[in-house]
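**Student:** Data: work35.tsv, TSV, C-alpha atoms.
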```
chain	number	residue	atom	x	y	z
R	18	ILE	CA	197.07	71.38	39.99
R	19	ALA	CA	193.98	72.71	38.26
R	20	GLY	CA	193.50	75.53	40.70
R	21	VAL	CA	192.06	76.35	44.08
R	22	LEU	CA	188.78	77.68	45.31
R	23	PHE	CA	187.31	78.87	48.56
R	24	LEU	CA	184.77	76.61	50.25
R	25	ILE	CA	182.35	78.74	52.24
R	26	THR	CA	180.95	77.04	55.33
R	27	ARG	CA	178.58	78.22	57.99
R	28	ILE	CA	179.34	77.06	61.50
R	29	ARG	CA	177.18	77.68	64.54
R	30	ALA	CA	179.27	79.27	67.29
R	31	PRO	CA	178.85	78.60	71.04
R	32	ASP	CA	176.70	81.72	71.38
R	33	ASN	CA	174.40	80.30	68.69
R	34	THR	CA	175.44	82.84	66.06
R	35	LEU	CA	176.43	81.76	62.57
R	36	VAL	CA	180.06	82.28	61.66
R	37	ARG	CA	181.23	82.44	58.05
R	38	ARG	CA	184.45	80.53	57.51
R	39	GLU	CA	186.48	80.27	54.33
R	40	ARG	CA	188.63	77.22	53.67
R	41	LYS	CA	190.94	76.89	50.73
R	42	MET	CA	190.62	73.50	49.00
R	43	TYR	CA	191.88	72.01	45.78
R	44	LYS	CA	189.20	71.30	43.23
R	45	GLU	CA	190.26	67.69	42.96
R	46	THR	CA	189.25	67.08	46.58
R	47	LEU	CA	185.68	68.29	46.11
R	48	ARG	CA	183.10	65.67	45.20
R	49	GLN	CA	179.68	67.19	45.41
R	50	VAL	CA	177.94	63.83	45.23
R	51	TRP	CA	176.06	61.72	47.71
R	52	ALA	CA	173.95	58.60	47.87
R	53	GLU	CA	170.38	58.64	49.08
R	54	ILE	CA	169.52	55.21	50.44
R	55	ASP	CA	165.89	54.15	50.32
R	56	MET	CA	165.61	51.60	53.14
R	57	SER	CA	162.05	50.74	52.11
R	58	ALA	CA	163.49	49.56	48.77
R	59	PHE	CA	166.11	47.54	50.65
R	60	ASP	CA	163.37	46.05	52.81
R	61	HIS	CA	161.44	45.09	49.66
R	62	ASN	CA	164.55	43.45	48.15
R	63	VAL	CA	165.17	41.40	51.29
R	64	LYS	CA	161.59	40.18	51.27
R	65	GLU	CA	161.86	39.20	47.59
R	66	ILE	CA	165.11	37.30	48.14
R	67	LYS	CA	163.60	35.39	51.05
R	68	ARG	CA	160.47	34.64	49.03
R	69	GLN	CA	162.41	33.18	46.12
R	70	MET	CA	165.37	31.50	47.79
R	71	GLN	CA	165.44	27.74	48.25
R	72	CYS	CA	167.67	27.79	51.33
R	73	PRO	CA	166.33	27.51	54.89
R	74	GLU	CA	167.99	30.76	55.94
R	75	MET	CA	170.21	33.53	54.64
R	76	ILE	CA	173.29	35.42	55.78
R	77	GLY	CA	173.12	39.16	55.21
R	78	VAL	CA	176.51	40.20	53.80
R	79	ILE	CA	177.03	43.84	54.78
R	80	LYS	CA	180.78	44.28	54.50
R	81	ALA	CA	182.38	47.63	53.54
R	82	ASN	CA	179.69	49.49	55.52
R	83	GLY	CA	176.97	47.60	53.70
R	84	TYR	CA	178.61	48.51	50.37
R	85	GLY	CA	178.05	52.15	51.29
R	86	HIS	CA	174.44	51.69	52.35
R	87	GLY	CA	175.15	51.72	56.10
R	88	ALA	CA	175.95	48.37	57.72
R	89	THR	CA	174.04	48.94	60.94
R	90	GLU	CA	170.96	50.30	59.19
R	91	CYS	CA	170.97	47.35	56.77
R	92	ALA	CA	171.42	44.88	59.64
R	93	LYS	CA	168.35	46.29	61.38
R	94	VAL	CA	166.23	45.88	58.25
R	95	LEU	CA	167.55	42.35	57.75
R	96	ALA	CA	166.81	41.48	61.38
R	97	HIS	CA	163.28	42.89	60.98
R	98	ASN	CA	162.85	40.33	58.20
R	99	GLY	CA	163.97	37.43	60.34
R	100	VAL	CA	167.65	37.32	59.36
R	101	THR	CA	169.79	36.28	62.33
R	102	LYS	CA	173.18	35.89	60.64
R	103	PHE	CA	175.33	38.64	59.16
R	104	ALA	CA	178.75	38.74	57.48
R	105	VAL	CA	181.44	41.38	57.20
R	106	ALA	CA	184.99	41.47	55.87
R	107	THR	CA	187.04	42.49	58.90
R	108	LEU	CA	187.19	42.25	62.66
R	109	GLU	CA	186.71	46.01	62.94
R	110	GLU	CA	183.46	45.88	60.97
R	111	ALA	CA	182.18	43.06	63.19
R	112	VAL	CA	183.01	44.93	66.39
R	113	ASN	CA	181.26	48.05	65.07
R	114	LEU	CA	178.06	46.06	64.49
R	115	ARG	CA	178.18	44.58	67.98
R	116	GLU	CA	178.75	47.97	69.57
R	117	ASP	CA	175.78	49.29	67.60
R	118	GLY	CA	173.63	46.66	69.27
R	119	ILE	CA	173.39	44.08	66.48
R	120	GLY	CA	172.78	40.57	67.82
R	121	GLY	CA	172.87	37.19	66.11
R	122	ASP	CA	175.87	35.57	64.46
R	123	ILE	CA	178.39	37.93	62.85
R	124	VAL	CA	180.72	36.14	60.44
R	125	ILE	CA	184.14	37.58	59.62
R	126	LEU	CA	184.81	36.55	56.02
R	127	GLY	CA	188.43	37.72	56.01
R	128	LEU	CA	191.18	36.16	58.07
R	129	THR	CA	191.81	37.60	61.53
R	130	PRO	CA	195.22	37.47	63.25
R	131	ALA	CA	195.79	35.20	66.23
R	132	GLU	CA	196.69	38.27	68.28
R	133	CYS	CA	193.01	39.29	68.14
R	134	VAL	CA	191.38	36.09	69.41
R	135	ASP	CA	190.51	37.83	72.68
R	136	THR	CA	188.37	40.32	70.75
R	137	VAL	CA	186.70	37.54	68.76
R	138	VAL	CA	185.76	35.77	72.00
R	139	GLU	CA	184.73	38.94	73.82
R	140	TYR	CA	182.34	40.05	71.08
R	141	ASP	CA	181.06	36.54	70.30
R	142	LEU	CA	182.07	36.64	66.64
R	143	THR	CA	182.24	33.85	64.05
R	144	PRO	CA	185.53	33.75	62.12
R	145	VAL	CA	186.24	31.81	58.94
R	146	VAL	CA	189.16	29.50	59.76
R	147	MET	CA	191.79	27.59	57.82
R	148	HIS	CA	194.92	27.55	60.04
R	149	TYR	CA	195.37	25.19	62.98
R	150	ASP	CA	197.49	27.67	64.99
R	151	TYR	CA	194.70	30.25	64.81
R	152	VAL	CA	192.00	27.79	65.89
R	153	LYS	CA	194.26	26.58	68.72
R	154	ALA	CA	194.69	30.18	69.87
R	155	LEU	CA	190.90	30.60	69.86
R	156	SER	CA	190.52	27.42	71.87
R	157	ASP	CA	193.12	28.53	74.42
R	158	GLU	CA	191.40	31.90	74.83
R	159	VAL	CA	187.99	30.32	75.40
R	160	MET	CA	189.38	27.92	78.00
R	161	ARG	CA	191.32	30.71	79.71
R	162	GLU	CA	188.26	32.96	79.96
R	163	GLU	CA	185.85	30.06	80.60
R	164	SER	CA	183.67	31.50	77.84
R	165	GLU	CA	180.99	29.91	75.70
R	166	PRO	CA	182.39	27.97	72.72
R	167	VAL	CA	183.28	30.06	69.70
R	168	LYS	CA	181.48	29.25	66.47
R	169	CYS	CA	183.73	29.02	63.40
R	170	LEU	CA	183.18	28.43	59.71
R	171	PHE	CA	185.55	26.11	57.88
R	172	GLY	CA	186.76	27.89	54.73
R	173	LEU	CA	187.06	26.11	51.38
R	174	ASP	CA	188.74	27.36	48.21
R	175	THR	CA	186.70	25.71	45.47
R	176	GLY	CA	187.93	28.11	42.78
R	177	MET	CA	187.81	31.67	44.10
R	178	GLY	CA	191.49	31.56	45.05
R	179	ARG	CA	191.11	33.88	48.03
R	180	ILE	CA	190.99	31.97	51.34
R	181	GLY	CA	190.25	28.45	52.48
R	182	PHE	CA	191.54	24.93	51.93
R	183	ARG	CA	192.00	23.99	48.28
R	184	VAL	CA	189.75	21.06	47.39
R	185	PHE	CA	190.43	20.52	43.69
R	186	THR	CA	191.80	16.98	44.01
R	187	ASP	CA	191.05	13.94	46.15
R	188	GLU	CA	194.37	14.41	47.92
R	189	GLU	CA	193.54	18.02	48.78
R	190	ARG	CA	190.06	17.02	49.97
R	191	ASP	CA	191.50	14.31	52.21
R	192	GLN	CA	193.95	16.81	53.72
R	193	ALA	CA	191.11	19.28	54.33
R	194	VAL	CA	189.01	16.61	56.04
R	195	GLU	CA	191.95	15.79	58.34
R	196	SER	CA	192.28	19.48	59.23
R	197	TYR	CA	188.56	19.65	59.92
R	198	LYS	CA	188.91	16.71	62.32
R	199	LYS	CA	191.80	18.39	64.15
R	200	PHE	CA	189.91	21.67	64.44
R	201	SER	CA	186.80	19.94	65.78
R	202	GLU	CA	188.78	18.13	68.48
R	203	LEU	CA	189.89	21.38	70.12
R	204	PRO	CA	187.86	22.33	73.21
R	205	GLY	CA	185.85	25.54	73.17
R	206	VAL	CA	185.56	25.63	69.37
R	207	GLU	CA	182.48	24.67	67.36
R	208	ILE	CA	182.85	24.25	63.60
R	209	SER	CA	179.27	25.17	62.70
R	210	GLY	CA	179.51	25.30	58.91
R	211	VAL	CA	181.57	24.94	55.75
R	212	ILE	CA	181.74	28.05	53.58
R	213	THR	CA	182.96	28.80	50.07
R	214	HIS	CA	182.45	31.58	47.53
R	215	PHE	CA	181.42	31.13	43.90
R	216	SER	CA	183.42	33.73	42.01
R	217	THR	CA	181.30	33.94	38.84
R	218	ALA	CA	177.86	32.86	40.02
R	219	ASP	CA	176.22	36.02	38.62
R	220	GLU	CA	177.60	35.56	35.10
R	221	GLU	CA	175.80	34.03	32.14
R	222	GLN	CA	178.40	31.32	31.64
R	223	THR	CA	177.93	28.71	34.39
R	224	GLU	CA	180.69	26.19	33.67
R	225	TYR	CA	183.11	27.58	36.26
R	226	THR	CA	180.43	27.77	38.94
R	227	LYS	CA	179.43	24.17	38.22
R	228	MET	CA	183.08	23.18	38.67
R	229	GLN	CA	183.17	24.95	42.04
R	230	ILE	CA	179.94	23.27	43.13
R	231	ALA	CA	181.41	19.89	42.15
R	232	ASN	CA	184.53	20.60	44.24
R	233	TYR	CA	182.40	21.62	47.21
R	234	ASN	CA	180.13	18.56	46.98
R	235	ALA	CA	183.09	16.19	46.58
R	236	PHE	CA	184.60	17.55	49.81
R	237	MET	CA	181.28	17.38	51.66
R	238	GLU	CA	180.84	13.74	50.65
R	239	LYS	CA	184.19	12.90	52.24
R	240	LEU	CA	183.39	14.99	55.31
R	241	ASN	CA	179.99	13.33	55.73
R	242	ALA	CA	181.63	9.91	55.35
R	243	ALA	CA	183.94	10.86	58.22
R	244	GLY	CA	180.89	11.46	60.44
R	245	PHE	CA	180.47	15.23	60.17
R	246	ASP	CA	177.40	17.07	58.90
R	247	PRO	CA	177.90	20.84	59.30
R	248	LEU	CA	175.79	23.61	57.80
R	249	LYS	CA	176.48	24.13	54.09
R	250	ILE	CA	177.09	27.80	53.22
R	251	CYS	CA	177.69	28.47	49.55
R	252	ALA	CA	174.60	30.00	47.83
R	253	ASN	CA	176.06	33.44	47.14
```
Rewrite the structure of this file - the entire thing - as structure tokens.
**Tutor:**
Amino acid sequence: IAGVLFLITRIRAPDNTLVRRERKMYKETLRQVWAEIDMSAFDHNVKEIKRQMQCPEMIGVIKANGYGHGATECAKVLAHNGVTKFAVATLEEAVNLREDGIGGDIVILGLTPAECVDTVVEYDLTPVVMHYDYVKALSDEVMREESEPVKCLFGLDTGMGRIGFRVFTDEERDQAVESYKKFSELPGVEISGVITHFSTADEEQTEYTKMQIANYNAFMEKLNAAGFDPLKICAN
């Protein structure tokens, strides 16, 4: 331990007087650093992305508290610019946005346990799905509560290796299409899009991203041939 110091704080007491309080803290715990977030700069960036993008709409990814920028504050700026879809990593993050008054679709990029389907339905959230048992649990909850259908995104692993159905081979793509069919047959569930993540899209070398795009397109061709045409979500 490098040593200790006294942190002097001033606290306003109930009688409105200032009280000096000393607290002993280890130096390692003190980080006298902060981030000042310029939301006008964020607003400018959103406008530039929308101006240059070739997609009809965008999803504002604001997981991990908007990467430290403040998820709710970022969502409000995004909504001001016409964004109606948002994405977070966990169920907790999605619920926090809803309770802060954020409308629109809120996608949960990480997997959520079947034990939490009641929360997904209650807060009208959009999970990424890849397991039949989970989608069946969602369907059962919707039918039990007589709720509006739950929107889901069908997850593909085109090369990220995180979540989703592997679609590297024709056999894997055929299996994924069969799962998509089974999911779509369940009442109270709407598969509204197919999502994947390009792991190296921001790097100079593009070969791996091109491979992922090829995997995605090969799956979508099979899915379209089976009579399905969901929203394509992959331009990260």
**Student:** Pick the closest to R:Thr226 from R:Asn62, R:Thr101, R:Asn241, R:Thr175: which is it, counting only C-alpha atoms?
**Tutor:**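 Comparing R:Asn62, R:Thr101, R:Asn241, R:Thr175 against R:Thr226, the winner is R:Thr175.
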**Student:** Find the residues near R:Ser209: any atom within 12 Å, counting all atoms listed in the file, skip ones fewer than 4 places away on the same chain, and give them as a list in words.
**Tutor:**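 Listing them by chain and then by number gives Asp122, Val124, Thr143, Pro144, Val145, Val146, Pro166, Val167, Lys168, Cys169, Leu170, Phe171, Gly172, Tyr197, Phe200, Ser201, Phe245, Asp246, Pro247, Leu248, Lys249 and Ile250 of chain R.
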**Student:** Taking only C-alpha atoms into account, name the residue in R:Gly205, R:Gln192, R:Glu220, R:Ile212 that is nearest to R:Ile125.
**Tutor:**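 Among the listed residues, the smallest separation from R:Ile125 belongs to R:Ile212.
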**Student:** Taking into account all atoms listed in the file, which residue in the set R:Thr129, R:Thr217, R:Thr186, R:Ser196 is nearest to R:Tyr233?
**Tutor:**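 Smallest separation from R:Tyr233 among the options: R:Thr186.
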**Student:** Could you tell me which of R:Leu142, R:Phe185, R:Asp174, R:Thr223 comes closest to R:Ala235 if we count all atoms listed in the file?
**Tutor:**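 Among the listed residues, R:Phe185 lies closest to R:Ala235.
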**Student:** With a distance cut-off of 9 Å and all atoms listed in the file, select the neighbouring residues of R:Val194, excluding the residue or stretch itself and same-chain residues fewer than 3 positions from it, and output the selection as a list in words.
**Tutor:**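 Counting only the stated atoms, we get Glu189, Arg190, Asp191, Tyr197, Lys198, Lys199, Phe236, Met237, Lys239, Leu240 and Ala243 of chain R.
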**Student:** Please produce a file of those selected residues containing C-alpha atoms, as a compact mmCIF listing (two decimals), keeping the file's coordinate frame.
**Tutor:**
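File written: out05.txt
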```txt
# COMPACT_ATOMS: atom_id res chain seq x y z
CA GLU R 189 193.54 18.02 48.78
CA ARG R 190 190.06 17.02 49.97
CA ASP R 191 191.50 14.31 52.21
CA TYR R 197 188.56 19.65 59.92
CA LYS R 198 188.91 16.71 62.32
CA LYS R 199 191.80 18.39 64.15
CA PHE R 236 184.60 17.55 49.81
CA MET R 237 181.28 17.38 51.66
CA LYS R 239 184.19 12.90 52.24
CA LEU R 240 183.39 14.99 55.31
CA ALA R 243 183.94 10.86 58.22
```
**Student:** Counting all atoms listed in the file, which residue out of R:Gly127, R:Val184, R:Val50, R:Leu203 sits closest to R:Glu238?
**Tutor:** R:Val184
**Student:** Could you jot down the atom CA of R:Met70 to atom CA of R:Ala111 separation for me, Å, one decimal place?
**Tutor:**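 One can read the atom CA of R:Met70 to atom CA of R:Ala111 distance as 25.6 Å.
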**Student:** Report, in Å with one decimal, the straight-line distance from atom CA of R:Thr89 to atom CA of R:Ile66.
**Tutor:** 19.5 Å
**Student:** Between atom CA of R:Glu139 and atom CA of R:Glu116, what distance in Å does the model show, to one decimal?
**Tutor:** 11.6 Å
**Student:** Write out as a ChimeraX atom specification the residues lying within 9 Å of R:Ala252, counting only C-alpha atoms and excluding same-chain residues fewer than 3 positions away.
**Tutor:** /R:72,75,213-215,218,249
**Student:** Which residue, R:Met160, R:Lys64, R:Ala52, R:Gly118, has the smallest gap to R:Gly87 when you use all atoms listed in the file?
**Tutor:**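 Looking at the shortest contact to R:Gly87, the residue is R:Ala52.
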**Student:** Within 12 Å of (195.7, 30.5, 62.4) in the file's own coordinates, which protein, DNA or RNA residues have an atom, counting all atoms listed in the file? List them as a compact mmCIF listing (two decimals) with C-alpha atoms, keeping the file's coordinate frame.
**Tutor:**
```
# COMPACT_ATOMS: atom_id res chain seq x y z
CA LEU R 128 191.18 36.16 58.07
CA THR R 129 191.81 37.60 61.53
CA PRO R 130 195.22 37.47 63.25
CA ALA R 131 195.79 35.20 66.23
CA GLU R 132 196.69 38.27 68.28
CA CYS R 133 193.01 39.29 68.14
CA VAL R 134 191.38 36.09 69.41
CA PRO R 144 185.53 33.75 62.12
CA VAL R 145 186.24 31.81 58.94
CA VAL R 146 189.16 29.50 59.76
CA MET R 147 191.79 27.59 57.82
CA HIS R 148 194.92 27.55 60.04
CA TYR R 149 195.37 25.19 62.98
CA ASP R 150 197.49 27.67 64.99
CA TYR R 151 194.70 30.25 64.81
CA VAL R 152 192.00 27.79 65.89
CA LYS R 153 194.26 26.58 68.72
CA ALA R 154 194.69 30.18 69.87
CA LEU R 155 190.90 30.60 69.86
CA SER R 156 190.52 27.42 71.87
CA PHE R 171 185.55 26.11 57.88
CA GLY R 181 190.25 28.45 52.48
CA SER R 196 192.28 19.48 59.23
CA PHE R 200 189.91 21.67 64.44
```
**Student:** Would you mind listing what lies within 10 Å of R:Ile54 as a list of chain:residue names, with all atoms listed in the file counted and same-chain residues fewer than 4 positions away left out?
**Tutor:**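 My list of contacting residues is R:Ala58, R:Phe59, R:Gly85, R:His86, R:Gly87.
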